[in-house]
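S.K.: work37.cif is reproduced below (mmCIF, C-alpha atoms and all ligand atoms).
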```
data_protein
loop_
_atom_site.group_PDB
_atom_site.id
_atom_site.type_symbol
_atom_site.label_atom_id
_atom_site.label_comp_id
_atom_site.auth_asym_id
_atom_site.auth_seq_id
_atom_site.Cartn_x
_atom_site.Cartn_y
_atom_site.Cartn_z
ATOM 1 C CA MET D 9 79.896 139.415 171.468
ATOM 2 C CA ASP D 10 80.599 138.121 174.935
ATOM 3 C CA TRP D 11 84.296 138.574 175.707
ATOM 4 C CA ARG D 12 85.950 137.071 178.723
ATOM 5 C CA ARG D 13 89.367 136.207 179.925
ATOM 6 C CA PRO D 14 90.301 132.667 178.907
ATOM 7 C CA THR D 15 90.100 130.196 181.758
ATOM 8 C CA THR D 16 92.528 127.583 180.470
ATOM 9 C CA ALA D 17 96.159 127.937 181.442
ATOM 10 C CA THR D 18 97.436 126.202 178.315
ATOM 11 C CA PRO D 19 99.486 128.673 176.295
ATOM 12 C CA CYS D 20 99.408 128.262 172.531
ATOM 13 C CA TRP D 21 102.643 130.179 172.398
ATOM 14 C CA PRO D 22 106.177 128.951 173.042
ATOM 15 C CA VAL D 23 107.096 130.500 176.365
ATOM 16 C CA ASP D 24 110.827 130.486 175.715
ATOM 17 C CA ARG D 25 110.461 133.153 173.049
ATOM 18 C CA LYS D 26 112.651 136.249 173.280
ATOM 19 C CA ASN D 27 111.245 138.794 175.735
ATOM 20 C CA SER D 28 108.831 136.234 177.092
ATOM 21 C CA GLN D 29 108.682 138.192 180.340
ATOM 22 C CA HIS D 30 106.309 140.505 178.497
ATOM 23 C CA LEU D 31 103.768 137.764 177.766
ATOM 24 C CA ARG D 32 100.292 139.015 178.473
ATOM 25 C CA VAL D 33 96.835 137.494 178.539
ATOM 26 C CA VAL D 34 94.374 138.797 175.996
ATOM 27 C CA ALA D 35 90.635 138.321 175.742
ATOM 28 C CA MET D 36 89.211 135.711 173.412
ATOM 29 C CA PRO D 37 85.661 135.442 172.138
ATOM 30 C CA LEU D 38 83.531 132.749 173.726
ATOM 31 C CA GLY D 39 82.575 129.886 171.485
ATOM 32 C CA MET D 40 85.751 130.122 169.409
ATOM 33 C CA THR D 41 87.253 127.108 171.046
ATOM 34 C CA ASP D 42 89.899 126.521 168.393
ATOM 35 C CA GLY D 43 91.468 129.909 169.243
ATOM 36 C CA ILE D 44 92.467 130.497 165.617
ATOM 37 C CA SER D 45 91.367 134.121 165.727
ATOM 38 C CA SER D 46 92.911 134.809 169.107
ATOM 39 C CA VAL D 47 95.866 133.938 171.222
ATOM 40 C CA LEU D 48 95.663 133.012 174.869
ATOM 41 C CA PHE D 49 99.040 134.492 175.576
ATOM 42 C CA ALA D 50 100.145 137.259 173.283
ATOM 43 C CA PRO D 51 103.877 137.839 173.005
ATOM 44 C CA PRO D 52 105.312 141.277 172.577
ATOM 45 C CA MET D 53 104.786 142.273 169.004
ATOM 46 C CA LEU D 54 107.526 143.055 166.513
ATOM 47 C CA THR D 55 110.554 144.807 167.933
ATOM 48 C CA PRO D 56 111.915 148.005 166.362
ATOM 49 C CA ALA D 57 114.794 145.882 165.007
ATOM 50 C CA GLN D 58 112.376 143.507 163.285
ATOM 51 C CA ILE D 59 110.408 146.378 161.769
ATOM 52 C CA ALA D 60 113.659 147.926 160.532
ATOM 53 C CA GLU D 61 114.646 144.550 159.043
ATOM 54 C CA PHE D 62 111.333 144.348 157.176
ATOM 55 C CA LYS D 63 111.723 147.876 155.847
ATOM 56 C CA THR D 64 115.250 147.146 154.597
ATOM 57 C CA GLN D 65 114.794 143.585 153.341
ATOM 58 C CA GLY D 66 111.129 143.611 152.274
ATOM 59 C CA TYR D 67 110.341 140.447 154.226
ATOM 60 C CA LEU D 68 110.490 139.097 157.760
ATOM 61 C CA ARG D 69 110.084 135.740 159.456
ATOM 62 C CA SER D 70 108.083 136.249 162.624
ATOM 63 C CA ALA D 71 106.746 133.860 165.242
ATOM 64 C CA LYS D 72 104.497 130.881 165.797
ATOM 65 C CA VAL D 73 100.864 131.947 165.612
ATOM 66 C CA LEU D 74 99.146 128.543 165.493
ATOM 67 C CA ASP D 75 99.673 125.479 167.636
ATOM 68 C CA ASP D 76 99.645 121.947 166.207
ATOM 69 C CA ALA D 77 95.945 121.361 166.903
ATOM 70 C CA GLN D 78 94.997 124.572 165.097
ATOM 71 C CA VAL D 79 97.180 123.627 162.127
ATOM 72 C CA GLU D 80 95.447 120.222 161.966
ATOM 73 C CA ILE D 81 92.042 121.929 161.757
ATOM 74 C CA LEU D 82 93.226 124.113 158.882
ATOM 75 C CA ARG D 83 94.892 121.221 157.023
ATOM 76 C CA ALA D 84 91.651 119.231 157.230
ATOM 77 C CA GLU D 85 89.798 122.253 155.854
ATOM 78 C CA VAL D 86 92.170 122.482 152.860
ATOM 79 C CA GLU D 87 91.488 118.828 152.069
ATOM 80 C CA ARG D 88 87.729 119.217 152.570
ATOM 81 C CA VAL D 89 87.490 122.303 150.349
ATOM 82 C CA ILE D 90 89.447 120.595 147.549
ATOM 83 C CA ASP D 91 87.364 117.390 147.845
ATOM 84 C CA GLN D 92 84.069 119.313 147.850
ATOM 85 C CA ARG D 93 84.934 121.861 145.156
ATOM 86 C CA GLU D 94 82.190 120.645 142.792
ATOM 87 C CA ARG D 95 79.372 120.971 145.332
ATOM 88 C CA THR D 96 76.833 123.691 144.685
ATOM 89 C CA ASP D 97 75.048 123.459 148.048
ATOM 90 C CA ILE D 98 77.902 124.807 150.187
ATOM 91 C CA PRO D 99 79.931 128.040 150.098
ATOM 92 C CA GLN D 100 82.848 127.806 147.680
ATOM 93 C CA PRO D 101 86.109 129.765 147.439
ATOM 94 C CA VAL D 102 86.627 132.167 144.534
ATOM 95 C CA LEU D 103 89.107 129.796 142.837
ATOM 96 C CA CYS D 104 90.180 126.224 143.520
ATOM 97 C CA HIS D 105 92.426 124.834 140.816
ATOM 98 C CA ASN D 106 95.881 123.647 139.804
ATOM 99 C CA PHE D 107 97.360 126.922 138.627
ATOM 100 C CA THR D 108 100.275 125.343 136.733
ATOM 101 C CA HIS D 109 97.762 123.412 134.548
ATOM 102 C CA ASN D 110 100.423 120.709 134.533
ATOM 103 C CA GLU D 111 99.353 117.430 136.131
ATOM 104 C CA THR D 112 102.969 116.350 136.643
ATOM 105 C CA ALA D 113 103.884 119.517 138.591
ATOM 106 C CA PRO D 114 100.703 120.765 140.261
ATOM 107 C CA VAL D 115 100.274 123.688 142.625
ATOM 108 C CA TRP D 116 96.797 123.908 144.131
ATOM 109 C CA GLN D 117 95.703 127.498 144.445
ATOM 110 C CA ILE D 118 92.596 128.213 146.511
ATOM 111 C CA VAL D 119 91.582 131.880 146.513
ATOM 112 C CA ASN D 120 89.418 133.127 149.397
ATOM 113 C CA ILE D 121 89.154 129.891 151.306
ATOM 114 C CA TRP D 122 87.952 132.182 154.125
ATOM 115 C CA GLU D 123 84.608 132.414 152.292
ATOM 116 C CA ALA D 124 84.253 128.612 152.332
ATOM 117 C CA SER D 125 85.701 127.711 155.716
ATOM 118 C CA ALA D 126 84.913 129.110 159.179
ATOM 119 C CA PRO D 127 88.347 128.246 160.670
ATOM 120 C CA PHE D 128 90.089 130.086 157.825
ATOM 121 C CA LYS D 129 87.726 133.029 158.288
ATOM 122 C CA ARG D 130 88.827 133.163 161.924
ATOM 123 C CA LEU D 131 92.451 133.105 160.810
ATOM 124 C CA THR D 132 91.918 136.386 158.917
ATOM 125 C CA THR D 133 91.276 138.082 162.260
ATOM 126 C CA ASN D 134 94.137 136.408 164.143
ATOM 127 C CA ALA D 135 95.057 138.980 166.789
ATOM 128 C CA LEU D 136 98.810 138.619 166.549
ATOM 129 C CA ILE D 137 98.992 138.634 162.759
ATOM 130 C CA CYS D 138 96.767 141.715 162.543
ATOM 131 C CA GLU D 139 98.714 143.606 165.213
ATOM 132 C CA GLU D 140 102.025 142.835 163.510
ATOM 133 C CA MET D 141 100.582 143.719 160.126
ATOM 134 C CA ALA D 142 99.527 147.092 161.549
ATOM 135 C CA GLN D 143 103.056 147.607 162.839
ATOM 136 C CA LEU D 144 104.554 146.878 159.412
ATOM 137 C CA THR D 145 102.095 149.011 157.447
ATOM 138 C CA GLY D 146 101.348 151.750 159.985
ATOM 139 C CA ALA D 147 97.673 151.114 159.234
ATOM 140 C CA ASP D 148 94.810 152.266 161.439
ATOM 141 C CA SER D 149 92.589 149.585 159.953
ATOM 142 C CA LEU D 150 93.024 146.440 157.888
ATOM 143 C CA ARG D 151 90.815 144.607 155.433
ATOM 144 C CA ILE D 152 91.307 141.296 153.727
ATOM 145 C CA TRP D 153 92.089 141.922 150.067
ATOM 146 C CA HIS D 154 92.036 138.175 149.414
ATOM 147 C CA ASP D 155 93.734 135.015 150.603
ATOM 148 C CA GLN D 156 95.278 132.101 148.783
ATOM 149 C CA ILE D 157 96.312 128.594 149.693
ATOM 150 C CA GLN D 158 99.414 127.423 147.870
ATOM 151 C CA TYR D 159 99.613 123.653 148.176
ATOM 152 C CA LYS D 160 102.446 121.758 146.504
ATOM 153 C CA PRO D 161 101.779 118.019 146.783
ATOM 154 C CA ALA D 162 104.612 115.729 147.914
ATOM 155 C CA ALA D 163 107.259 114.744 145.354
ATOM 156 C CA ARG D 164 105.738 116.551 142.356
ATOM 157 C CA GLY D 165 104.557 119.973 143.557
ATOM 158 C CA GLY D 166 105.429 122.588 140.947
ATOM 159 C CA ILE D 167 107.075 125.999 140.825
ATOM 160 C CA ASN D 168 105.623 129.397 141.601
ATOM 161 C CA MET D 169 107.734 131.569 139.306
ATOM 162 C CA TRP D 170 109.387 134.837 140.376
ATOM 163 C CA HIS D 171 106.973 137.738 140.686
ATOM 164 C CA GLN D 172 105.951 140.830 142.588
ATOM 165 C CA ASP D 173 102.445 140.833 144.062
ATOM 166 C CA ALA D 174 101.398 144.460 143.608
ATOM 167 C CA PRO D 175 101.652 144.563 139.787
ATOM 168 C CA LEU D 176 99.387 141.489 139.696
ATOM 169 C CA TRP D 177 96.802 143.453 141.694
ATOM 170 C CA PRO D 178 96.023 146.342 139.318
ATOM 171 C CA ILE D 179 92.560 146.977 140.775
ATOM 172 C CA ILE D 180 93.927 148.382 144.028
ATOM 173 C CA ALA D 181 96.222 151.273 144.939
ATOM 174 C CA PRO D 182 98.550 152.238 146.507
ATOM 175 C CA MET D 183 101.025 149.362 146.138
ATOM 176 C CA THR D 184 101.976 149.195 149.801
ATOM 177 C CA GLU D 185 100.220 146.055 150.877
ATOM 178 C CA VAL D 186 101.887 143.372 152.950
ATOM 179 C CA THR D 187 101.205 139.636 152.929
ATOM 180 C CA ALA D 188 101.179 137.382 155.978
ATOM 181 C CA TRP D 189 102.166 133.902 154.842
ATOM 182 C CA VAL D 190 101.371 131.135 157.341
ATOM 183 C CA ALA D 191 102.979 127.708 156.953
ATOM 184 C CA LEU D 192 100.773 124.651 157.501
ATOM 185 C CA ASP D 193 103.777 122.309 157.126
ATOM 186 C CA ASP D 194 107.433 122.743 157.996
ATOM 187 C CA VAL D 195 108.434 124.470 154.754
ATOM 188 C CA ASP D 196 112.078 124.336 153.723
ATOM 189 C CA ASP D 197 114.442 123.914 150.788
ATOM 190 C CA ASP D 198 113.283 120.321 150.180
ATOM 191 C CA ASN D 199 109.563 120.968 149.838
ATOM 192 C CA GLY D 200 109.539 124.306 148.042
ATOM 193 C CA CYS D 201 110.006 127.181 150.463
ATOM 194 C CA MET D 202 109.724 130.744 149.202
ATOM 195 C CA SER D 203 112.795 132.626 148.004
ATOM 196 C CA MET D 204 113.084 136.413 148.334
ATOM 197 C CA VAL D 205 115.423 139.041 146.888
ATOM 198 C CA PRO D 206 116.324 141.366 149.784
ATOM 199 C CA GLY D 207 115.784 145.063 149.074
ATOM 200 C CA SER D 208 113.935 144.499 145.800
ATOM 201 C CA HIS D 209 110.732 146.099 147.190
ATOM 202 C CA LEU D 210 112.558 149.431 146.924
ATOM 203 C CA TRP D 211 113.231 149.129 143.164
ATOM 204 C CA GLY D 212 109.724 149.726 141.781
ATOM 205 C CA ASP D 213 107.481 147.702 139.485
ATOM 206 C CA HIS D 214 109.578 145.279 137.419
ATOM 207 C CA MET D 215 107.030 142.557 136.820
ATOM 208 C CA ASN D 216 107.452 142.664 133.044
ATOM 209 C CA TYR D 217 111.160 142.069 133.496
ATOM 210 C CA LEU D 218 110.573 139.176 135.930
ATOM 211 C CA ARG D 219 108.239 137.583 133.348
ATOM 212 C CA THR D 220 111.239 137.181 131.034
ATOM 213 C CA TRP D 221 112.844 134.749 133.490
ATOM 214 C CA LYS D 222 112.027 131.161 132.487
ATOM 215 C CA ASP D 223 114.311 129.091 134.746
ATOM 216 C CA PHE D 224 113.745 129.567 138.485
ATOM 217 C CA THR D 225 117.447 129.401 139.361
ATOM 218 C CA LYS D 226 119.533 130.033 136.255
ATOM 219 C CA ASP D 227 117.819 133.217 135.058
ATOM 220 C CA VAL D 228 118.405 135.212 138.241
ATOM 221 C CA PRO D 229 121.094 137.801 137.391
ATOM 222 C CA ALA D 230 123.883 138.832 139.739
ATOM 223 C CA GLU D 231 122.884 142.457 139.346
ATOM 224 C CA PHE D 232 119.869 144.547 138.322
ATOM 225 C CA GLU D 233 120.141 148.271 137.493
ATOM 226 C CA GLY D 234 123.189 148.589 139.737
ATOM 227 C CA HIS D 235 121.647 146.610 142.631
ATOM 228 C CA PRO D 236 123.255 143.309 143.609
ATOM 229 C CA VAL D 237 120.624 140.543 143.350
ATOM 230 C CA THR D 238 120.844 137.999 146.157
ATOM 231 C CA VAL D 239 118.418 135.115 146.560
ATOM 232 C CA ARG D 240 117.502 134.149 150.105
ATOM 233 C CA LYS D 241 115.641 130.903 150.797
ATOM 234 C CA CYS D 242 112.990 131.438 153.476
ATOM 235 C CA PRO D 243 112.240 128.325 155.532
ATOM 236 C CA VAL D 244 109.202 128.690 157.791
ATOM 237 C CA LYS D 245 108.088 126.218 160.450
ATOM 238 C CA LYS D 246 104.561 124.863 160.695
ATOM 239 C CA GLY D 247 102.308 127.422 162.391
ATOM 240 C CA GLU D 248 104.727 130.332 161.935
ATOM 241 C CA VAL D 249 104.010 133.545 160.039
ATOM 242 C CA HIS D 250 106.315 135.181 157.501
ATOM 243 C CA TYR D 251 105.664 138.657 156.041
ATOM 244 C CA HIS D 252 106.578 140.084 152.648
ATOM 245 C CA HIS D 253 106.052 143.448 150.996
ATOM 246 C CA SER D 254 103.957 143.444 147.822
ATOM 247 C CA LEU D 255 106.872 144.682 145.684
ATOM 248 C CA THR D 256 109.449 142.175 146.951
ATOM 249 C CA TRP D 257 110.702 139.817 144.218
ATOM 250 C CA HIS D 258 109.756 136.319 145.328
ATOM 251 C CA GLY D 259 108.734 132.849 144.190
ATOM 252 C CA SER D 260 109.103 129.224 145.242
ATOM 253 C CA HIS D 261 110.773 126.200 143.703
ATOM 254 C CA ALA D 262 109.396 122.683 143.254
ATOM 255 C CA ASN D 263 108.560 120.249 146.048
ATOM 256 C CA THR D 264 110.826 117.244 145.499
ATOM 257 C CA SER D 265 110.409 115.892 149.037
ATOM 258 C CA GLY D 266 108.101 113.167 150.315
ATOM 259 C CA ARG D 267 106.163 115.796 152.305
ATOM 260 C CA PRO D 268 103.329 118.090 151.218
ATOM 261 C CA ARG D 269 103.879 121.848 151.281
ATOM 262 C CA ARG D 270 100.766 123.694 152.404
ATOM 263 C CA ALA D 271 100.598 127.387 153.259
ATOM 264 C CA ILE D 272 98.174 130.263 153.201
ATOM 265 C CA ALA D 273 98.977 133.795 152.077
ATOM 266 C CA LEU D 274 96.752 136.386 153.742
ATOM 267 C CA HIS D 275 96.856 139.443 151.505
ATOM 268 C CA PHE D 276 95.818 142.388 153.667
ATOM 269 C CA MET D 277 95.108 145.953 152.574
ATOM 270 C CA THR D 278 95.073 149.073 154.696
ATOM 271 C CA GLY D 279 91.918 151.140 155.167
ATOM 272 C CA GLU D 280 93.315 153.688 152.680
ATOM 273 C CA THR D 281 93.322 151.248 149.764
ATOM 274 C CA ARG D 282 91.218 152.393 146.802
ATOM 275 C CA TYR D 283 89.574 150.649 143.863
ATOM 276 C CA VAL D 284 91.093 151.138 140.392
ATOM 277 C CA ALA D 285 88.477 150.179 137.813
ATOM 278 C CA THR D 286 90.849 149.983 134.823
ATOM 279 C CA GLY D 287 92.586 146.826 136.072
ATOM 280 C CA GLU D 288 91.607 143.170 135.989
ATOM 281 C CA HIS D 289 91.699 140.619 138.817
ATOM 282 C CA CYS D 290 89.608 137.638 139.890
ATOM 283 C CA MET D 291 88.256 139.690 142.821
ATOM 284 C CA LYS D 292 86.927 142.441 140.535
ATOM 285 C CA GLN D 293 83.563 140.691 140.144
ATOM 286 C CA PHE D 294 82.934 141.275 143.875
ATOM 287 C CA VAL D 295 83.709 145.009 143.965
ATOM 288 C CA THR D 296 80.648 147.136 144.710
ATOM 289 C CA VAL D 297 82.281 150.592 145.096
ATOM 290 C CA GLU D 298 82.947 153.259 142.463
ATOM 291 C CA ASP D 299 86.286 153.783 140.732
ATOM 292 C CA GLY D 300 88.614 155.632 143.134
ATOM 293 C CA ALA D 301 86.540 154.878 146.246
ATOM 294 C CA LEU D 302 87.874 153.107 149.327
ATOM 295 C CA LEU D 303 87.644 149.386 148.672
ATOM 296 C CA GLN D 304 85.182 147.812 151.074
ATOM 297 C CA GLY D 305 82.182 145.503 151.021
ATOM 298 C CA GLU D 306 81.250 142.033 152.211
ATOM 299 C CA HIS D 307 84.017 140.340 150.190
ATOM 300 C CA PHE D 308 86.639 142.714 151.646
ATOM 301 C CA PRO D 309 85.804 142.647 155.355
ATOM 302 C CA LEU D 310 87.373 144.801 158.027
ATOM 303 C CA VAL D 311 89.505 142.475 160.145
ATOM 304 C CA TRP D 312 91.275 144.899 162.470
ATOM 305 C CA SER D 313 91.096 148.510 163.576
ATOM 306 C CA ARG D 314 93.036 150.545 166.093
ATOM 307 C CA ARG D 315 90.983 150.982 169.248
HETATM 308 O O1 LIG E 401 103.473 130.106 148.536
HETATM 309 C C1 LIG E 401 104.205 130.425 147.600
HETATM 310 O O2 LIG E 401 105.000 129.662 147.119
HETATM 311 C C2 LIG E 401 104.168 131.811 147.004
HETATM 312 C C3 LIG E 401 103.176 132.675 147.659
HETATM 313 C C4 LIG E 401 103.158 134.037 147.069
HETATM 314 O O3 LIG E 401 103.586 134.263 145.978
HETATM 315 C C5 LIG E 401 102.610 135.109 147.857
HETATM 316 O O4 LIG E 401 102.168 134.875 148.994
HETATM 317 O O5 LIG E 401 102.617 136.258 147.390
#
```
Produce structure tokens that represent the structure in this file.
Ligand SMILES: O=C(O)CCC(=O)C(=O)O
M.R.:
Amino acid sequence: MDWRRPTTATPCWPVDRKNSQHLRVVAMPLGMTDGISSVLFAPPMLTPAQIAEFKTQGYLRSAKVLDDAQVEILRAEVERVIDQRERTDIPQPVLCHNFTHNETAPVWQIVNIWEASAPFKRLTTNALICEEMAQLTGADSLRIWHDQIQYKPAARGGINMWHQDAPLWPIIAPMTEVTAWVALDDVDDDNGCMSMVPGSHLWGDHMNYLRTWKDFTKDVPAEFEGHPVTVRKCPVKKGEVHYHHSLTWHGSHANTSGRPRRAIALHFMTGETRYVATGEHCMKQFVTVEDGALLQGEHFPLVWSRR
């Protein structure tokens, strides 16, 4: 690939960000004019304080990684992929459906849109997200485990009930993965932002317990096994990235606003992640390695490695 310094002086990064004196120019691949995989001006990555916050809380709101034009490209791709989901002559995602199965409270889930959309494929290699992900995981290399769009339509978008990610991913181990969640709308209390329980990633696998909760708000206890349970709403602005650990208790309430709520969760795995053949998951059909082997292959591409 032909790499050169970008020639445009237009930053796709807000220059008033903390520590902006450390802004630096990074290379971007020619021909990728939307810049979704790269940043023209890279900010300093996560500070030690932010990394400590993630390790304590199990989640972290980071910075803007996409400008408005890039978000528009990705929004159009979400619409296109949903509209063209019946076509057999173009690449399709692994899943594209309303996962609530309730027409009055839909949540569109699109799994592996990166396999159906070039701009989303470029997002999986976004330089800033991958660098920050490596900081949070300590990884030497990163692969995409899978991605998923979570789209709650205006006014009637449904609930994504409380869960932990790792127990829902029983075909991979260890359970240390981190998700980068990128907002494609301003996501807040009104349109169904995520909620997180700080510190819950340190309490182990309690997915069976979380399944007993039926009401998103009322069933959250004040305490669990001696730990105070606090719910924190996590608003994220359009184009920003938010990280959460795969054992953090989280979910999102309904979208009662007049605005759509679109976001993509990029579920990364470190290069040490292995395949566990006893489990079930919609990505299992694409695994080509033996039980216990490092999980790799064309459906789990390498997106970053330490140089
Ligand atoms: O977008 C949401 O509401 C939830 C996403 C989620 O559960 C995840 O990224 O793990």
S.K.: Near Val239 (chain D), counting only C-alpha atoms, which residues have an atom at most 8 Å away, once you skip same-chain residues fewer than 3 positions from it, shown as a list in words?
M.R.: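 Non-adjacent residues within range: Ser203, Met204, Val205 and Pro206 of chain D.
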S.K.: Take the residues that were just selected and, keeping C-alpha atoms, output them as a PDB file, in the frame of the given file.
M.R.:
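Okay, this is what ended up in selection_1.pdb:
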```pdb
ATOM      1  CA  SER D 203     112.795 132.626 148.004  1.00  0.00           C
ATOM      2  CA  MET D 204     113.084 136.413 148.334  1.00  0.00           C
ATOM      3  CA  VAL D 205     115.423 139.041 146.888  1.00  0.00           C
ATOM      4  CA  PRO D 206     116.324 141.366 149.784  1.00  0.00           C
TER       5      PRO D 206
END
```
S.K.: Please determine an axis-aligned box that encloses all atoms of region 131-142 of chain D listed in the file, with 5 Å added on each side, and express its centre and edge lengths in Å to one decimal as lines of an AutoDock Vina configuration file.
M.R.:
```
center_x = 96.7
center_y = 140.1
center_z = 162.9
size_x = 20.7
size_y = 24.0
size_z = 17.9
```
S.K.: Report, in Å with one decimal, the straight-line distance from CA of Ser70 (chain D) to CA of Arg130 (chain D).
M.R.: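 Interatomic distance here is 19.5 Å.
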S.K.: Given a cut-off of 9 Å, what residues near ligand LIG 401 (chain E) show up using only C-alpha atoms and all ligand atoms, put as a PyMOL selection string?
M.R.: chain D and resi 115+155-160+167-173+187-189+191+200-203+251-254+258-261+269-275
S.K.: By how many Å are CA of Ala262 (chain D) and CA of Pro114 (chain D) apart?
M.R.: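 CA of Pro114 (chain D) lies 9.4 Å from CA of Ala262 (chain D).
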S.K.: In Å to one decimal, how far is CA of Met215 (chain D) from CA of Ala301 (chain D)?
M.R.: 25.7 Å
S.K.: Using all atoms listed in the file, which of the listed residues (D:Val190, D:Val102, D:Leu82, D:Met141) sits closest to Glu248 (chain D)?
M.R.: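 Counting all atoms listed in the file, the residue closest to Glu248 (chain D) is D:Val190.
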S.K.: Take the PyMOL selection byres (((chain D and resi 119) around 12) and not hetatm), apply it to the structure above, and return the hits as a ChimeraX atom specification.
M.R.: /D:86,89-90,100-107,116-118,120-125,128,152-159,272-275,289-291,307
S.K.: Near Ser45 (chain D), within 6 Å and counting all atoms listed in the file, which residues show up once chain neighbours fewer than 4 positions away are dropped, as a PDB file with C-alpha atoms, keeping the file's coordinate frame?
M.R.:
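Result file is part.pdb:
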```pdb
ATOM      1  CA  ARG D 130      88.827 133.163 161.924  1.00  0.00           C
ATOM      2  CA  LEU D 131      92.451 133.105 160.810  1.00  0.00           C
ATOM      3  CA  THR D 133      91.276 138.082 162.260  1.00  0.00           C
ATOM      4  CA  ASN D 134      94.137 136.408 164.143  1.00  0.00           C
TER       5      ASN D 134
END
```
S.K.: Give as a PDB file with C-alpha atoms, keeping the file's coordinate frame the residues that the PyMOL selection byres (((chain D and resi 66) around 10) and not hetatm) matches when applied to the coordinates above.
M.R.:
```pdb
ATOM      1  CA  ILE D  59     110.408 146.378 161.769  1.00  0.00           C
ATOM      2  CA  ALA D  60     113.659 147.926 160.532  1.00  0.00           C
ATOM      3  CA  GLU D  61     114.646 144.550 159.043  1.00  0.00           C
ATOM      4  CA  PHE D  62     111.333 144.348 157.176  1.00  0.00           C
ATOM      5  CA  LYS D  63     111.723 147.876 155.847  1.00  0.00           C
ATOM      6  CA  THR D  64     115.250 147.146 154.597  1.00  0.00           C
ATOM      7  CA  GLN D  65     114.794 143.585 153.341  1.00  0.00           C
ATOM      8  CA  TYR D  67     110.341 140.447 154.226  1.00  0.00           C
ATOM      9  CA  LEU D  68     110.490 139.097 157.760  1.00  0.00           C
ATOM     10  CA  VAL D 186     101.887 143.372 152.950  1.00  0.00           C
ATOM     11  CA  MET D 204     113.084 136.413 148.334  1.00  0.00           C
ATOM     12  CA  VAL D 205     115.423 139.041 146.888  1.00  0.00           C
ATOM     13  CA  PRO D 206     116.324 141.366 149.784  1.00  0.00           C
ATOM     14  CA  GLY D 207     115.784 145.063 149.074  1.00  0.00           C
ATOM     15  CA  SER D 208     113.935 144.499 145.800  1.00  0.00           C
ATOM     16  CA  HIS D 209     110.732 146.099 147.190  1.00  0.00           C
ATOM     17  CA  LEU D 210     112.558 149.431 146.924  1.00  0.00           C
ATOM     18  CA  TYR D 251     105.664 138.657 156.041  1.00  0.00           C
ATOM     19  CA  HIS D 252     106.578 140.084 152.648  1.00  0.00           C
ATOM     20  CA  HIS D 253     106.052 143.448 150.996  1.00  0.00           C
ATOM     21  CA  SER D 254     103.957 143.444 147.822  1.00  0.00           C
ATOM     22  CA  LEU D 255     106.872 144.682 145.684  1.00  0.00           C
ATOM     23  CA  THR D 256     109.449 142.175 146.951  1.00  0.00           C
ATOM     24  CA  TRP D 257     110.702 139.817 144.218  1.00  0.00           C
TER      25      TRP D 257
END
```
S.K.: Tell me which of D:Arg151, D:Arg219, D:Arg88, D:His109 sits closest to Gly166 (chain D), counting all atoms listed in the file.
M.R.: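 Result for the nearest residue to Gly166 (chain D): D:His109.
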S.K.: Write out as a ChimeraX atom specification the residues lying within 10 Å of Pro268 (chain D), counting only C-alpha atoms and excluding same-chain residues fewer than 4 positions away.
M.R.: /D:159-165,192-195,199-200,263-264
S.K.: With distances taken over only C-alpha atoms, which of D:Pro243, D:Gly300, D:Pro56, D:Pro309 is nearest to Pro182 (chain D)?
M.R.: D:Gly300
S.K.: When distances are computed from all atoms listed in the file, which of D:Ser149, D:Pro175, D:Gly247, D:Phe224 shows the smallest separation from Glu80 (chain D)?
M.R.: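 Of all the options, D:Gly247 lies closest to Glu80 (chain D).
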S.K.: For Glu280 (chain D), work out the shell of residues within 12 Å, counting only C-alpha atoms and skipping chain neighbours fewer than 6 positions away, then give it as a list of chain:residue names.
M.R.: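 Skipping anything fewer than 6 positions along the chain leaves D:Thr145, D:Gly146, D:Ala147, D:Asp148, D:Ser149, D:Leu150, D:Arg151, D:Ile180, D:Ala181, D:Pro182, D:Met183, D:Thr184, D:Glu185, D:Gly300, D:Ala301, D:Leu302, D:Leu303, D:Gln304, D:Leu310.
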S.K.: Distance cut-off 10 Å, centre (91.7, 149.0, 137.6) in file coordinates, counting only C-alpha atoms: which residues qualify? Return them as a list in words.
M.R.: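 Within 10 Å of (91.7, 149.0, 137.6), the protein and nucleic acid residues are Trp177, Pro178, Ile179, Ile180, Ala181, Arg282, Tyr283, Val284, Ala285, Thr286, Gly287, Glu288, His289, Lys292, Asp299 and Gly300 of chain D.
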S.K.: Under the rule that only C-alpha atoms are counted, which of D:Ile81, D:Leu176, D:Gln293, D:Phe276 is the nearest residue to Cys138 (chain D)?
M.R.: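 So, comparing all the options, the nearest one is D:Phe276.
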S.K.: Taking into account all atoms listed in the file, which residue in the set D:Arg95, D:Leu144, D:Val79, D:Leu74 is nearest to Thr55 (chain D)?
M.R.: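 Comparing D:Arg95, D:Leu144, D:Val79, D:Leu74 against Thr55 (chain D), the winner is D:Leu144.
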S.K.: Will you give me region 166-181 of chain D, written with C-alpha atoms and laid out as an mmCIF file, in the first residue's frame?
M.R.:
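Result saved to selection_28.cif:
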```
data_model
loop_
_atom_site.group_PDB
_atom_site.id
_atom_site.type_symbol
_atom_site.label_atom_id
_atom_site.label_comp_id
_atom_site.auth_asym_id
_atom_site.auth_seq_id
_atom_site.Cartn_x
_atom_site.Cartn_y
_atom_site.Cartn_z
ATOM 1 C CA GLY D 166 -37.065 -0.985 22.178
ATOM 2 C CA ILE D 167 -34.953 -2.064 25.133
ATOM 3 C CA ASN D 168 -31.688 -3.958 25.189
ATOM 4 C CA MET D 169 -31.994 -5.725 28.540
ATOM 5 C CA TRP D 170 -29.208 -5.878 31.142
ATOM 6 C CA HIS D 171 -26.432 -8.301 30.265
ATOM 7 C CA GLN D 172 -22.733 -9.030 30.275
ATOM 8 C CA ASP D 173 -21.112 -9.636 26.888
ATOM 9 C CA ALA D 174 -18.562 -12.334 27.701
ATOM 10 C CA PRO D 175 -21.037 -14.993 28.917
ATOM 11 C CA LEU D 176 -22.927 -14.531 25.629
ATOM 12 C CA TRP D 177 -19.699 -15.345 23.771
ATOM 13 C CA PRO D 178 -18.997 -18.905 24.968
ATOM 14 C CA ILE D 179 -16.935 -19.830 21.900
ATOM 15 C CA ILE D 180 -14.028 -17.594 22.889
ATOM 16 C CA ALA D 181 -11.740 -17.362 25.917
#
```
